[in-house]
Every structure is written in C-alpha cells, then in structure tokens.
file work_4.txt (compact mmCIF, C-alpha atoms and all ligand atoms)
# COMPACT_ATOMS: atom_id res chain seq x y z
CA MET A 1 88.56 -66.17 -52.65
CA ARG A 2 88.49 -67.68 -49.15
CA GLU A 3 91.63 -65.79 -48.21
CA ARG A 4 90.05 -62.50 -49.20
CA THR A 5 86.99 -63.24 -47.06
CA SER A 6 89.10 -63.91 -44.00
CA GLU A 7 91.02 -60.67 -44.60
CA VAL A 8 87.72 -58.80 -44.48
CA ASP A 9 86.72 -60.66 -41.30
CA ALA A 10 89.99 -59.62 -39.64
CA ALA A 11 89.62 -55.87 -40.51
CA PRO A 12 89.78 -53.74 -37.34
CA PRO A 13 86.40 -52.35 -36.24
CA MET A 14 85.71 -48.76 -37.29
CA PRO A 15 86.53 -46.42 -34.39
CA VAL A 16 83.52 -44.72 -32.82
CA TYR A 17 83.98 -41.00 -33.38
CA ASP A 18 82.28 -38.46 -31.13
CA THR A 19 79.69 -36.57 -33.16
CA SER A 20 77.66 -35.35 -30.19
CA PHE A 21 77.35 -31.66 -29.28
CA GLU A 22 76.51 -32.53 -25.67
CA THR A 23 80.08 -33.70 -25.04
CA LEU A 24 81.63 -30.37 -26.01
CA PRO A 25 83.77 -28.91 -23.18
CA GLY A 26 81.73 -27.02 -20.59
CA TYR A 27 78.33 -28.23 -21.83
CA ASP A 28 77.71 -30.30 -18.67
CA GLU A 29 78.58 -27.23 -16.54
CA LEU A 30 76.03 -25.21 -18.51
CA LEU A 31 73.30 -27.78 -17.68
CA LEU A 32 74.34 -27.79 -14.03
CA VAL A 33 74.15 -24.01 -13.72
CA ARG A 34 70.78 -24.01 -15.49
CA SER A 35 69.30 -26.61 -13.16
CA ALA A 36 70.75 -24.90 -10.06
CA GLY A 37 69.06 -21.67 -11.17
CA GLU A 38 65.77 -23.46 -11.76
CA ALA A 39 65.94 -25.20 -8.36
CA LEU A 40 66.46 -21.83 -6.66
CA GLY A 41 63.78 -20.15 -8.77
CA ILE A 42 66.27 -17.69 -10.31
CA SER A 43 65.60 -16.79 -13.93
CA ASN A 44 68.45 -16.58 -16.43
CA PRO A 45 69.90 -13.03 -16.30
CA PHE A 46 71.46 -13.45 -19.75
CA PHE A 47 69.73 -12.98 -23.13
CA ARG A 48 66.92 -10.99 -21.51
CA PRO A 49 65.28 -9.01 -24.35
CA HIS A 50 65.02 -5.24 -24.07
CA GLU A 51 61.86 -4.24 -25.87
CA GLY A 52 63.16 -0.96 -27.31
CA ARG A 53 66.21 1.29 -27.18
CA ALA A 54 68.21 0.56 -24.04
CA GLY A 55 68.83 4.03 -22.60
CA PRO A 56 69.01 5.03 -18.92
CA VAL A 57 65.53 3.53 -18.77
CA SER A 58 64.67 0.37 -20.67
CA ARG A 59 61.63 -1.87 -21.08
CA ILE A 60 62.07 -5.48 -19.98
CA ASP A 61 59.16 -7.93 -19.62
CA GLY A 62 56.74 -5.07 -20.22
CA ARG A 63 58.13 -2.99 -17.32
CA GLU A 64 60.25 0.15 -17.38
CA VAL A 65 63.43 -0.24 -15.33
CA ILE A 66 66.47 1.92 -14.67
CA ASN A 67 69.15 0.45 -16.90
CA PHE A 68 72.84 0.10 -15.97
CA ALA A 69 73.66 -2.74 -18.36
CA SER A 70 74.36 -0.87 -21.59
CA TYR A 71 77.61 0.89 -22.53
CA ASP A 72 76.04 3.82 -24.34
CA TYR A 73 78.33 6.06 -22.25
CA LEU A 74 77.52 9.38 -23.86
CA GLY A 75 73.83 8.64 -24.42
CA LEU A 76 74.29 9.00 -28.19
CA ASN A 77 72.36 5.88 -29.18
CA GLY A 78 69.17 7.41 -30.52
CA HIS A 79 70.58 10.97 -30.81
CA PRO A 80 68.59 12.54 -33.69
CA GLU A 81 71.69 13.40 -35.73
CA VAL A 82 73.25 9.99 -35.24
CA ARG A 83 70.02 8.34 -36.41
CA ARG A 84 69.73 10.71 -39.36
CA ALA A 85 73.35 10.04 -40.42
CA ALA A 86 72.72 6.28 -40.37
CA GLN A 87 69.57 6.73 -42.46
CA GLU A 88 71.31 9.01 -44.95
CA ALA A 89 74.17 6.52 -45.35
CA ILE A 90 71.62 3.80 -46.12
CA GLU A 91 69.85 6.05 -48.63
CA ARG A 92 73.12 6.75 -50.42
CA TYR A 93 74.98 3.42 -50.20
CA GLY A 94 72.35 0.81 -49.27
CA THR A 95 72.29 -1.50 -46.27
CA SER A 96 75.49 -3.36 -47.19
CA VAL A 97 78.67 -2.63 -49.14
CA SER A 98 78.30 -6.14 -50.56
CA ALA A 99 82.03 -6.91 -50.81
CA SER A 100 85.37 -6.76 -49.02
CA ARG A 101 86.79 -3.24 -49.18
CA LEU A 102 89.77 -4.60 -51.07
CA VAL A 103 87.61 -5.52 -54.03
CA ALA A 104 84.31 -3.68 -54.47
CA GLY A 105 83.37 -2.70 -50.90
CA GLU A 106 85.24 0.61 -50.49
CA ARG A 107 82.98 3.66 -49.95
CA PRO A 108 84.07 7.29 -49.29
CA ILE A 109 82.43 7.11 -45.85
CA HIS A 110 84.98 4.48 -44.72
CA ARG A 111 87.97 6.73 -45.30
CA MET A 112 86.13 9.72 -43.79
CA LEU A 113 85.57 7.71 -40.62
CA GLU A 114 89.14 6.39 -40.53
CA ALA A 115 90.57 9.90 -40.89
CA ARG A 116 88.47 11.05 -37.92
CA LEU A 117 89.49 8.06 -35.78
CA ALA A 118 93.17 8.60 -36.62
CA GLY A 119 92.76 12.26 -35.63
CA LEU A 120 91.21 11.26 -32.30
CA HIS A 121 94.44 9.41 -31.42
CA ARG A 122 96.74 11.86 -33.27
CA ALA A 123 97.86 8.82 -35.31
CA ASP A 124 98.96 8.63 -38.95
CA ASP A 125 96.00 6.54 -40.05
CA ALA A 126 93.34 4.06 -38.96
CA VAL A 127 91.46 1.06 -40.33
CA VAL A 128 87.96 -0.06 -39.36
CA PHE A 129 86.75 -3.64 -38.95
CA VAL A 130 83.25 -5.10 -38.64
CA SER A 131 83.59 -5.50 -34.86
CA GLY A 132 85.93 -4.59 -32.04
CA HIS A 133 86.44 -8.25 -31.28
CA ALA A 134 87.41 -8.93 -34.89
CA ALA A 135 89.78 -5.93 -34.84
CA ASN A 136 91.77 -7.36 -31.92
CA VAL A 137 91.76 -10.97 -33.08
CA THR A 138 92.83 -10.30 -36.64
CA THR A 139 95.32 -7.51 -35.83
CA ILE A 140 97.18 -9.45 -33.16
CA GLY A 141 96.90 -12.61 -35.27
CA THR A 142 98.59 -10.72 -38.12
CA LEU A 143 101.27 -8.69 -36.31
CA VAL A 144 102.81 -11.50 -34.27
CA GLY A 145 103.62 -15.16 -34.92
CA PRO A 146 105.07 -18.31 -33.37
CA GLU A 147 108.49 -16.74 -32.68
CA ASP A 148 106.90 -13.83 -30.82
CA ALA A 149 105.28 -13.21 -27.44
CA VAL A 150 102.22 -11.30 -26.23
CA PHE A 151 102.49 -9.90 -22.69
CA HIS A 152 99.09 -8.88 -21.34
CA ASP A 153 97.27 -7.88 -18.18
CA THR A 154 95.44 -10.83 -16.68
CA LEU A 155 92.13 -8.95 -17.03
CA ILE A 156 92.61 -8.28 -20.75
CA HIS A 157 89.62 -8.78 -23.04
CA ASN A 158 89.01 -12.19 -24.58
CA SER A 159 89.64 -10.88 -28.10
CA VAL A 160 93.31 -10.20 -27.27
CA ILE A 161 93.78 -13.73 -25.96
CA VAL A 162 92.08 -15.24 -29.02
CA GLY A 163 94.29 -13.10 -31.29
CA ALA A 164 97.45 -14.33 -29.55
CA GLN A 165 96.21 -17.93 -29.86
CA LEU A 166 95.50 -17.43 -33.56
CA ALA A 167 99.02 -16.06 -34.02
CA GLY A 168 100.54 -19.11 -32.35
CA ALA A 169 102.51 -16.66 -30.19
CA THR A 170 103.61 -17.34 -26.62
CA ARG A 171 101.24 -15.69 -24.18
CA ARG A 172 102.37 -14.33 -20.80
CA SER A 173 99.96 -12.59 -18.44
CA PHE A 174 100.87 -10.34 -15.52
CA PRO A 175 98.68 -9.65 -12.45
CA HIS A 176 96.22 -6.82 -12.96
CA ASN A 177 98.01 -3.46 -13.30
CA ASP A 178 101.14 -4.92 -11.65
CA LEU A 179 103.83 -3.35 -13.79
CA ASP A 180 106.62 -4.49 -11.45
CA ALA A 181 105.58 -8.02 -12.33
CA LEU A 182 105.53 -7.15 -16.05
CA GLU A 183 109.03 -5.71 -15.73
CA ARG A 184 110.30 -8.91 -14.08
CA ILE A 185 108.71 -11.08 -16.80
CA LEU A 186 110.16 -8.91 -19.59
CA ALA A 187 113.62 -8.93 -17.99
CA ALA A 188 113.58 -12.72 -17.77
CA GLU A 189 111.87 -13.61 -21.03
CA ARG A 190 112.08 -10.84 -23.62
CA PRO A 191 115.36 -12.08 -25.19
CA ARG A 192 113.72 -15.39 -26.16
CA TYR A 193 111.41 -13.82 -28.70
CA ARG A 194 111.75 -12.02 -32.01
CA ARG A 195 108.93 -9.51 -31.43
CA ALA A 196 107.15 -8.64 -28.20
CA LEU A 197 103.71 -7.06 -27.90
CA ILE A 198 102.42 -5.63 -24.62
CA VAL A 199 98.63 -5.26 -24.50
CA VAL A 200 96.61 -3.36 -21.88
CA GLU A 201 93.20 -1.70 -21.74
CA GLY A 202 92.88 2.09 -21.42
CA LEU A 203 89.95 1.54 -19.04
CA TYR A 204 89.46 -1.98 -17.75
CA SER A 205 86.04 -3.28 -18.63
CA MET A 206 85.49 -5.35 -15.50
CA ASP A 207 87.20 -3.24 -12.82
CA GLY A 208 86.92 0.31 -14.10
CA ASP A 209 90.56 1.26 -13.51
CA VAL A 210 93.30 2.74 -15.71
CA PRO A 211 96.90 1.52 -16.22
CA ASP A 212 100.05 3.61 -15.72
CA LEU A 213 100.67 4.34 -19.41
CA ALA A 214 103.85 6.38 -18.84
CA ARG A 215 105.50 3.44 -17.09
CA LEU A 216 104.29 1.08 -19.84
CA VAL A 217 105.89 3.34 -22.45
CA GLU A 218 109.14 3.29 -20.50
CA LEU A 219 109.02 -0.53 -20.30
CA LYS A 220 108.21 -1.03 -23.97
CA GLN A 221 111.06 1.30 -24.95
CA ARG A 222 113.56 -0.37 -22.62
CA PHE A 223 112.66 -3.91 -23.63
CA GLY A 224 112.08 -3.30 -27.34
CA ALA A 225 108.39 -4.11 -27.52
CA TRP A 226 105.25 -2.74 -29.15
CA LEU A 227 102.60 -1.28 -26.83
CA MET A 228 98.94 -1.75 -27.77
CA VAL A 229 96.16 -0.03 -25.81
CA ASP A 230 92.57 -1.25 -26.16
CA GLU A 231 90.43 1.87 -25.71
CA ALA A 232 87.06 0.12 -26.17
CA HIS A 233 85.84 1.70 -22.91
CA GLY A 234 88.17 4.70 -22.78
CA ILE A 235 86.91 6.64 -25.81
CA GLY A 236 84.26 9.17 -24.87
CA VAL A 237 84.90 8.38 -21.21
CA LEU A 238 88.46 9.41 -20.27
CA GLY A 239 89.91 12.91 -20.69
CA ALA A 240 88.13 16.22 -21.14
CA GLY A 241 87.74 15.56 -24.89
CA GLY A 242 86.98 11.83 -24.53
CA ARG A 243 90.22 10.89 -26.28
CA GLY A 244 90.99 8.14 -23.80
CA ALA A 245 93.74 7.21 -21.36
CA ALA A 246 96.49 9.25 -23.04
CA GLU A 247 94.45 12.42 -22.67
CA LEU A 248 93.50 11.62 -19.06
CA LEU A 249 97.13 10.95 -18.12
CA GLY A 250 98.66 13.76 -20.19
CA LEU A 251 100.67 11.33 -22.32
CA ASP A 252 101.72 11.97 -25.93
CA PRO A 253 99.56 9.43 -27.84
CA GLY A 254 102.36 9.03 -30.38
CA LEU A 255 104.30 7.06 -27.74
CA VAL A 256 101.81 4.19 -28.01
CA ASP A 257 102.37 1.98 -31.07
CA ILE A 258 98.87 0.59 -31.55
CA TRP A 259 95.58 2.16 -30.50
CA MET A 260 92.50 -0.04 -30.67
CA GLY A 261 88.91 1.04 -30.15
CA THR A 262 85.32 0.08 -30.83
CA LEU A 263 82.44 1.94 -32.42
CA SER A 264 79.96 0.03 -30.24
CA LYS A 265 80.23 1.93 -26.98
CA SER A 266 80.47 5.74 -26.79
CA LEU A 267 80.12 5.95 -30.58
CA ALA A 268 76.68 4.29 -30.61
CA SER A 269 77.41 2.08 -33.60
CA CYS A 270 79.00 -1.26 -34.39
CA GLY A 271 82.56 -2.00 -35.53
CA GLY A 272 86.15 -1.73 -34.32
CA TYR A 273 89.33 0.05 -35.37
CA ILE A 274 93.09 0.16 -35.14
CA ALA A 275 94.97 3.48 -35.32
CA GLY A 276 98.72 3.97 -35.52
CA PRO A 277 101.73 4.36 -37.82
CA GLN A 278 101.11 4.36 -41.58
CA ALA A 279 103.21 1.27 -42.24
CA MET A 280 101.18 -0.82 -39.77
CA ILE A 281 97.83 0.36 -41.15
CA ASP A 282 98.94 -0.25 -44.75
CA TYR A 283 100.16 -3.72 -43.77
CA LEU A 284 96.92 -4.66 -41.98
CA LYS A 285 94.83 -3.53 -44.95
CA VAL A 286 96.43 -6.12 -47.19
CA SER A 287 97.27 -8.84 -44.62
CA ALA A 288 94.72 -9.04 -41.80
CA PRO A 289 92.29 -11.83 -42.73
CA GLY A 290 89.43 -10.24 -40.75
CA PHE A 291 89.75 -7.21 -43.05
CA VAL A 292 90.84 -8.68 -46.38
CA TYR A 293 88.38 -11.58 -46.37
CA SER A 294 85.47 -9.88 -44.61
CA VAL A 295 82.83 -7.44 -45.78
CA GLY A 296 83.44 -3.69 -45.34
CA LEU A 297 81.75 -1.87 -42.47
CA PRO A 298 78.02 -1.36 -43.25
CA PRO A 299 77.21 2.22 -44.36
CA ALA A 300 74.76 2.81 -41.50
CA ALA A 301 77.40 1.82 -38.92
CA ALA A 302 79.99 4.15 -40.51
CA GLY A 303 77.50 7.03 -40.75
CA ALA A 304 76.35 6.63 -37.15
CA ALA A 305 79.92 6.54 -35.82
CA LEU A 306 80.88 9.67 -37.78
CA ALA A 307 77.87 11.57 -36.45
CA ALA A 308 78.58 10.31 -32.92
CA LEU A 309 82.16 11.63 -33.20
CA ASP A 310 80.73 14.99 -34.29
CA ALA A 311 78.30 15.03 -31.37
CA MET A 312 81.03 14.03 -28.91
CA GLU A 313 83.24 16.89 -30.09
CA ARG A 314 80.47 19.46 -30.30
CA GLU A 315 78.53 18.59 -27.14
CA THR A 316 81.43 18.27 -24.69
CA GLY A 317 78.95 18.70 -21.84
CA ARG A 318 78.07 15.04 -22.35
CA ILE A 319 81.58 13.92 -21.39
CA ALA A 320 81.62 16.22 -18.36
CA THR A 321 78.20 14.94 -17.23
CA LEU A 322 79.28 11.32 -17.65
CA GLN A 323 82.42 11.93 -15.61
CA ALA A 324 80.50 13.74 -12.85
CA ASN A 325 77.83 11.00 -12.79
CA ALA A 326 80.44 8.26 -12.52
CA ARG A 327 82.25 9.95 -9.64
CA TYR A 328 78.93 10.64 -7.91
CA PHE A 329 77.86 7.00 -8.16
CA LEU A 330 81.23 5.68 -6.98
CA GLU A 331 81.25 7.97 -3.95
CA ALA A 332 77.61 7.24 -3.09
CA ALA A 333 78.25 3.48 -3.28
CA GLN A 334 81.38 3.73 -1.13
CA GLU A 335 79.66 5.97 1.43
CA ALA A 336 76.88 3.38 1.64
CA GLY A 337 79.52 0.79 2.56
CA LEU A 338 79.46 -1.09 -0.75
CA SER A 339 82.69 -2.57 -2.08
CA THR A 340 83.74 -1.11 -5.43
CA GLY A 341 87.04 -2.96 -5.91
CA THR A 342 89.68 -0.88 -7.66
CA ALA A 343 87.19 1.32 -9.55
CA GLU A 344 88.32 4.91 -10.00
CA GLY A 345 85.03 6.54 -10.94
CA HIS A 346 85.25 6.30 -14.73
CA ALA A 347 81.88 5.05 -16.01
CA ILE A 348 82.45 1.38 -15.05
CA VAL A 349 81.75 0.68 -11.39
CA PRO A 350 81.73 -2.91 -10.16
CA ILE A 351 79.89 -3.71 -6.95
CA MET A 352 81.90 -6.63 -5.62
CA VAL A 353 79.77 -9.51 -4.39
CA GLY A 354 82.22 -12.45 -4.32
CA ASP A 355 80.03 -15.49 -4.87
CA SER A 356 78.53 -16.10 -8.33
CA LEU A 357 75.21 -17.38 -7.03
CA LYS A 358 74.81 -14.32 -4.82
CA ALA A 359 75.61 -12.03 -7.76
CA VAL A 360 72.96 -13.72 -9.92
CA LEU A 361 70.36 -13.62 -7.14
CA LEU A 362 71.14 -9.98 -6.36
CA SER A 363 70.76 -9.02 -10.01
CA GLU A 364 67.38 -10.77 -10.15
CA ARG A 365 66.13 -9.06 -6.99
CA LEU A 366 67.30 -5.66 -8.22
CA LEU A 367 65.45 -6.18 -11.49
CA ALA A 368 62.29 -6.97 -9.54
CA ARG A 369 62.79 -3.61 -7.83
CA GLY A 370 63.27 -1.74 -11.08
CA VAL A 371 67.07 -1.70 -11.48
CA ASN A 372 68.66 -3.63 -14.36
CA VAL A 373 72.32 -4.51 -13.83
CA LEU A 374 74.09 -7.67 -14.95
CA PRO A 375 76.07 -10.08 -12.80
CA ILE A 376 79.60 -10.83 -14.00
CA ILE A 377 80.64 -14.27 -12.89
CA HIS A 378 83.37 -16.85 -13.49
CA PRO A 379 84.88 -17.40 -16.11
CA ALA A 380 84.53 -13.73 -17.16
CA VAL A 381 86.21 -12.80 -13.85
CA PRO A 382 88.32 -14.92 -11.46
CA HIS A 383 86.59 -17.28 -8.99
CA ARG A 384 85.02 -15.57 -5.96
CA SER A 385 85.24 -12.12 -7.54
CA ALA A 386 81.73 -12.05 -9.00
CA ARG A 387 80.26 -8.60 -9.15
CA LEU A 388 77.45 -6.51 -10.51
CA ARG A 389 78.84 -4.24 -13.20
CA PHE A 390 77.29 -0.79 -13.42
CA PHE A 391 77.75 1.15 -16.63
CA ILE A 392 77.14 4.78 -15.72
CA THR A 393 76.21 7.08 -18.61
CA ALA A 394 75.77 10.79 -19.30
CA ALA A 395 72.05 10.14 -19.64
CA HIS A 396 71.48 8.89 -16.09
CA ALA A 397 69.79 11.33 -13.72
CA ARG A 398 71.10 11.73 -10.18
CA GLU A 399 67.83 10.33 -8.78
CA GLN A 400 68.38 7.14 -10.78
CA LEU A 401 71.89 6.76 -9.36
CA ASP A 402 70.59 7.40 -5.80
CA GLU A 403 67.79 4.88 -6.27
CA ALA A 404 70.22 2.20 -7.46
CA VAL A 405 72.47 2.65 -4.38
CA ARG A 406 69.47 2.66 -2.04
CA VAL A 407 68.03 -0.59 -3.46
CA LEU A 408 71.47 -2.23 -3.62
CA VAL A 409 72.14 -1.62 0.06
CA GLU A 410 68.79 -3.16 1.02
CA GLU A 411 69.07 -6.16 -1.27
CA ILE A 412 72.71 -7.14 -0.77
CA ASP A 413 72.16 -8.10 2.89
CA GLU A 414 68.82 -9.68 2.10
CA CYS A 415 70.53 -11.95 -0.46
CA SER A 416 73.10 -13.13 2.10
CA ARG A 417 70.25 -13.89 4.52
CA LEU A 418 68.21 -15.77 1.91
CA LEU A 419 71.15 -17.85 0.72
CA ALA A 420 72.11 -18.72 4.31
CA GLU A 421 68.52 -19.85 4.92
CA LEU A 422 68.74 -22.09 1.86
CA GLY A 423 71.92 -23.67 3.17
CA PHE A 424 74.36 -21.65 1.07
CA GLY A 425 75.93 -20.01 4.14
CA GLY A 426 79.09 -17.97 3.86
CA VAL A 427 78.38 -16.62 0.38
N1 LIG B 1 87.81 -4.84 -26.16
C1 LIG B 1 87.20 -4.66 -24.98
C2 LIG B 1 88.00 -4.20 -23.81
C3 LIG B 1 85.83 -4.89 -24.85
O1 LIG B 1 85.22 -4.71 -23.68
C4 LIG B 1 85.10 -5.31 -26.00
C5 LIG B 1 83.61 -5.61 -25.96
N2 LIG B 1 82.89 -5.30 -24.91
C6 LIG B 1 85.78 -5.50 -27.20
C7 LIG B 1 87.13 -5.25 -27.25
C8 LIG B 1 85.05 -5.95 -28.42
O2 LIG B 1 84.34 -4.91 -28.97
P1 LIG B 1 82.96 -5.10 -29.76
O3 LIG B 1 81.92 -5.46 -28.75
O4 LIG B 1 82.73 -3.78 -30.36
O5 LIG B 1 83.18 -6.20 -30.74
call {"tool": "encode", "arguments": {"input": "work_4.txt", "output": "structure tokens"}}
result
Amino acid sequence: MRERTSEVDAAPPMPVYDTSFETLPGYDELLLVRSAGEALGISNPFFRPHEGRAGPVSRIDGREVINFASYDYLGLNGHPEVRRAAQEAIERYGTSVSASRLVAGERPIHRMLEARLAGLHRADDAVVFVSGHAANVTTIGTLVGPEDAVFHDTLIHNSVIVGAQLAGATRRSFPHNDLDALERILAAERPRYRRALIVVEGLYSMDGDVPDLARLVELKQRFGAWLMVDEAHGIGVLGAGGRGAAELLGLDPGLVDIWMGTLSKSLASCGGYIAGPQAMIDYLKVSAPGFVYSVGLPPAAAGAALAALDAMERETGRIATLQANARYFLEAAQEAGLSTGTAEGHAIVPIMVGDSLKAVLLSERLLARGVNVLPIIHPAVPHRSARLRFFITAAHAREQLDEAVRVLVEEIDECSRLLAELGFGGV
C-alpha cells in the first residue's frame, strides 16, 4: 500500500499544453498592426462593408464612392439576365443541391456549365468546384505527391502553394516571369522527381502582367512536365473573346495540360473549375477530396455563371470596353508620373507605393475623397512592394478613371509629407 502511494507521489507532473489562441503564429503581429493603425488614426481598410452591389460605384459608410476594389471585370454582376438565370435555377433546383455530386448532388445544370467551360478552353472536359481556391488546392493535392515537384512563379496565388503543401510535393519557386531561371531550375532538378508540375497565372493578380506561354510550353515539353495555367483573372479579360492568355498570345490552348479558372470574377458568380484532357477530369471527379467529399455547386451559382458566359459571348463590346478602359487608365497613371510596376494594361493596375503604412494611409485618404481602392501589403506581396491595386472594369466611365488618377497624384505626395511629419521619414 505504502509503495503504491510513493509511486503516485513520484509521477511526473502533467505537461502544460498550450490551449491559447493568442499564441498562434502571427497573432502578436496582428495586434501590433492594429494598435499602430489606431495610434495613427487610420481605420482598418479590410472587412469594410459595401452596403449594396459593388459596381463601378459602391456605397460605403453611407457614401457613394468610385469603386476599384471589385473584380467584376465585365460588369456582369447584376446584369438582368444573369440575375434571372440565378433565380430560375433556384426555382427549379432549390438553394442547395444538398449532397456531393457523386451521390445525390448532380443536376443537369452542372454538366451544361462544364461543357461551356471546356469549350471556352477548347478542352475535352471540365469539372466545377465550390470555389476557385478549392479547385487549386484539391486538384494539385490530387495530381502530385511526395515523389513529385511543383515549380511555380514566386507571385503564384496562395491556393497553388497550399495545394502543393497538401500533396507533400517539393515546391520550387522561380522569380516572377523569369523563365531563364525556371529553365535552370528544371535542368538541375527535374530528374529527381517522378512528376513535375509547372504552375503560372494567365494574368498575375498582383502585378497585372502575362507570362510567355509559348516558352513555358517549350520548357514543359523539353523537361517532361505538366503545365497548369490559373486563368482566374484572365477569363473575360484577355483576348478578343475573353478566352484568356492563350487567345491573347495566339497559342493553341491544347498545348496547356491544365486550365484553371474561377466563376467569381468575370463570370459574376462563385466557384472554380479545371478544364483539360478527359482522363484528368475523370480522375479528379472520383479522386479529388474537394470534389468527392464536398457539396455540388449551388444551382444559383451555376445558373449565374452560364448566363454570364452567354452575355460575355453575345455582348463582346464589354470585353473591348474593358480592354480600352484598362489601357486608358494605365497610360493616364504613367503620364501622371505614377509607378505601375510591370502592369501591361490588362484590367489589373497596381500603383506601387513601397511602404505598407503609406499604402494603408493612401487608401484611407483616397476613400475620404470618394475613391475606394485597397492596399496590398506584406505578406500578400514582398516587403517594400506595397501597392494600391486597381481593378478596372468595363463598367467604369472615363471620368471615373480620370478622377482616380487626379486624386491619386494629389494624395500620394501628401501621404509622404504627413508620414515624414510623424517621424516615418523615407517611406
Ligand atoms: N487563383 C487566383 C489567381 C486568384 O486570384 C484567386 C482569388 N482571387 C483564386 C485562384 C481563388 O478563386 P476564388 O476567389 O474564386 O476562390
């Protein structure tokens, strides 16, 4: 009896496990940024509610402002036929398909949409997912594994990186659009891996530039790799028919193995898709966890995207107007002496600011003057390359673009002056 008691006395103390949320990585940084903003009297630019549909004009804090923060590139969000198609899909199928497509969630509207998306890329077939992010994560997570490697542009979207992590694949990034660097990496490392996947964006979401797809096709053929192009921002934006980078560059889309896109931008809906060879689509439909174990696309989202595709094809003037607006804004900004980085005049135009604090302050001052544009700061972009990202759409009027440039020019210098006064010189 005594022996047992002493055994209990000698038991090692229970370790103290961390059950706090405040110690999660980056939480202290979040508090620091919040208090710095409060000290400087800058309100949080993120999570600001828009009080209605966010078109070229939007209502924020009870005021109408010119809006450059939404990627409704063709102005189809709110188009009467797109709205009607969403309503009709709800009338017919309800607000949810209430199951994974594999079991009881398949509706005719899903295959109609997939056939149209495959046609857009001249691909065998396509499969839709509940979001663009999910499409990338689950597709990459399914197609490659621990013996494989993902080679991607350093500015690639987060969903590609998360997909490669999920796959347990080796991840190698190359400097933005530097295909000489990619070639060197492939030459040195390709033989180590079973499969290789090269991933780029058709139109880069932070910088607004386009990769050299022909050279990428040559590299993927030479080194035995798959090429995947994320066209989240390219569809509806690039090429006379809005078919993306291949159309803009005159490349046969069949040379790209995997096309990815979203329904959330030009197509005024919600969801993502993969288009490509039949074998890959068939494989994803029974293997990709984000498809197999997730609900089918909601009917309203499928209906809206189908009607948006119709409108994009029928009203080609929208694409032409978007492209002319984007070029106009880029040239006006450059003529006014603003730095636009590597932007090429395709709907996304960054105004490079450098310092994160200056970008946040500039965004706040622009909002006060009736222009809503979001700052993009580290870690979304590398340190000291903070910018304001302008999404130009077909629905913007020239006067709105002129007004934005005029106010930007006045406020950008004023921000430098204010920050220098507050002791943040050199930003
Ligand atoms: N890829 C890129 C390049 C993106 O910019 C985004 C989102 N902005 C996604 C994928 C994810 O798409 P979604 O927002 O439709 O989930």
call {"tool": "closest_residue", "arguments": {"input": "work_4.txt", "among": "A:Ala301, A:Val295, A:Val381, A:Val82", "to": "Glu106 (chain A)", "atoms": "all atoms listed in the file"}}
result
A:Val295
call {"tool": "closest_residue", "arguments": {"input": "work_4.txt", "among": "A:Ala123, A:Leu76, A:Ala279, A:Val229", "to": "ligand LIG 1 (chain B)", "atoms": "all atoms listed in the file"}}
result
A:Val229
call {"tool": "closest_residue", "arguments": {"input": "work_4.txt", "among": "A:Arg222, A:His133, A:Arg369, A:His79", "to": "ligand LIG 1 (chain B)", "atoms": "only C-alpha atoms and all ligand atoms"}}
result
A:His133
call {"tool": "residues_near_ligand", "arguments": {"input": "work_4.txt", "ligand": "ligand LIG 1 (chain B)", "cutoff": "8 Å", "atoms": "only C-alpha atoms and all ligand atoms", "output": "list of chain:residue names"}}
result
A:Val130, A:Ser131, A:Gly132, A:His133, A:Ala134, A:Ala135, A:Asn136, A:Ile156, A:His157, A:Asn158, A:Ser159, A:Val160, A:Glu201, A:Leu203, A:Tyr204, A:Ser205, A:Asp230, A:Glu231, A:Ala232, A:His233, A:Gly261, A:Thr262, A:Leu263, A:Ser264, A:Lys265, A:Cys270, A:Gly271, A:Gly272
call {"tool": "closest_residue", "arguments": {"input": "work_4.txt", "among": "A:Val360, A:Ile258, A:Ala395, A:Ala164", "to": "Asn372 (chain A)", "atoms": "all atoms listed in the file"}}
result
A:Val360
call {"tool": "decode", "arguments": {"input": "work_4.txt", "residues": "region 282-293 of chain A", "atoms": "N, CA and C atoms", "output": "mmCIF file, in the first residue's frame"}}
result
data_model
loop_
_atom_site.group_PDB
_atom_site.id
_atom_site.type_symbol
_atom_site.label_atom_id
_atom_site.label_comp_id
_atom_site.auth_asym_id
_atom_site.auth_seq_id
_atom_site.Cartn_x
_atom_site.Cartn_y
_atom_site.Cartn_z
ATOM 1 N N ASP A 282 -11.841 12.955 -65.531
ATOM 2 C CA ASP A 282 -12.461 11.736 -64.978
ATOM 3 C C ASP A 282 -11.798 11.350 -63.653
ATOM 4 N N TYR A 283 -10.477 11.463 -63.621
ATOM 5 C CA TYR A 283 -9.725 11.091 -62.412
ATOM 6 C C TYR A 283 -10.086 12.026 -61.254
ATOM 7 N N LEU A 284 -10.099 13.331 -61.523
ATOM 8 C CA LEU A 284 -10.418 14.293 -60.452
ATOM 9 C C LEU A 284 -11.817 14.047 -59.895
ATOM 10 N N LYS A 285 -12.747 13.684 -60.773
ATOM 11 C CA LYS A 285 -14.143 13.533 -60.324
ATOM 12 C C LYS A 285 -14.357 12.349 -59.389
ATOM 13 N N VAL A 286 -13.397 11.432 -59.354
ATOM 14 C CA VAL A 286 -13.536 10.350 -58.367
ATOM 15 C C VAL A 286 -12.443 10.398 -57.300
ATOM 16 N N SER A 287 -11.454 11.313 -57.453
ATOM 17 C CA SER A 287 -10.320 11.287 -56.511
ATOM 18 C C SER A 287 -10.104 12.576 -55.735
ATOM 19 N N ALA A 288 -10.491 13.723 -56.277
ATOM 20 C CA ALA A 288 -10.160 14.987 -55.605
ATOM 21 C C ALA A 288 -11.082 15.179 -54.395
ATOM 22 N N PRO A 289 -10.507 15.210 -53.183
ATOM 23 C CA PRO A 289 -11.357 15.269 -51.988
ATOM 24 C C PRO A 289 -12.280 16.494 -51.969
ATOM 25 N N GLY A 290 -11.801 17.614 -52.496
ATOM 26 C CA GLY A 290 -12.615 18.839 -52.506
ATOM 27 C C GLY A 290 -13.796 18.753 -53.460
ATOM 28 N N PHE A 291 -13.839 17.702 -54.277
ATOM 29 C CA PHE A 291 -14.989 17.450 -55.142
ATOM 30 C C PHE A 291 -15.817 16.300 -54.580
ATOM 31 N N VAL A 292 -15.139 15.188 -54.311
ATOM 32 C CA VAL A 292 -15.835 13.967 -53.891
ATOM 33 C C VAL A 292 -16.557 14.170 -52.557
ATOM 34 N N TYR A 293 -15.864 14.849 -51.617
ATOM 35 C CA TYR A 293 -16.411 14.960 -50.261
ATOM 36 C C TYR A 293 -16.980 16.346 -49.989
#
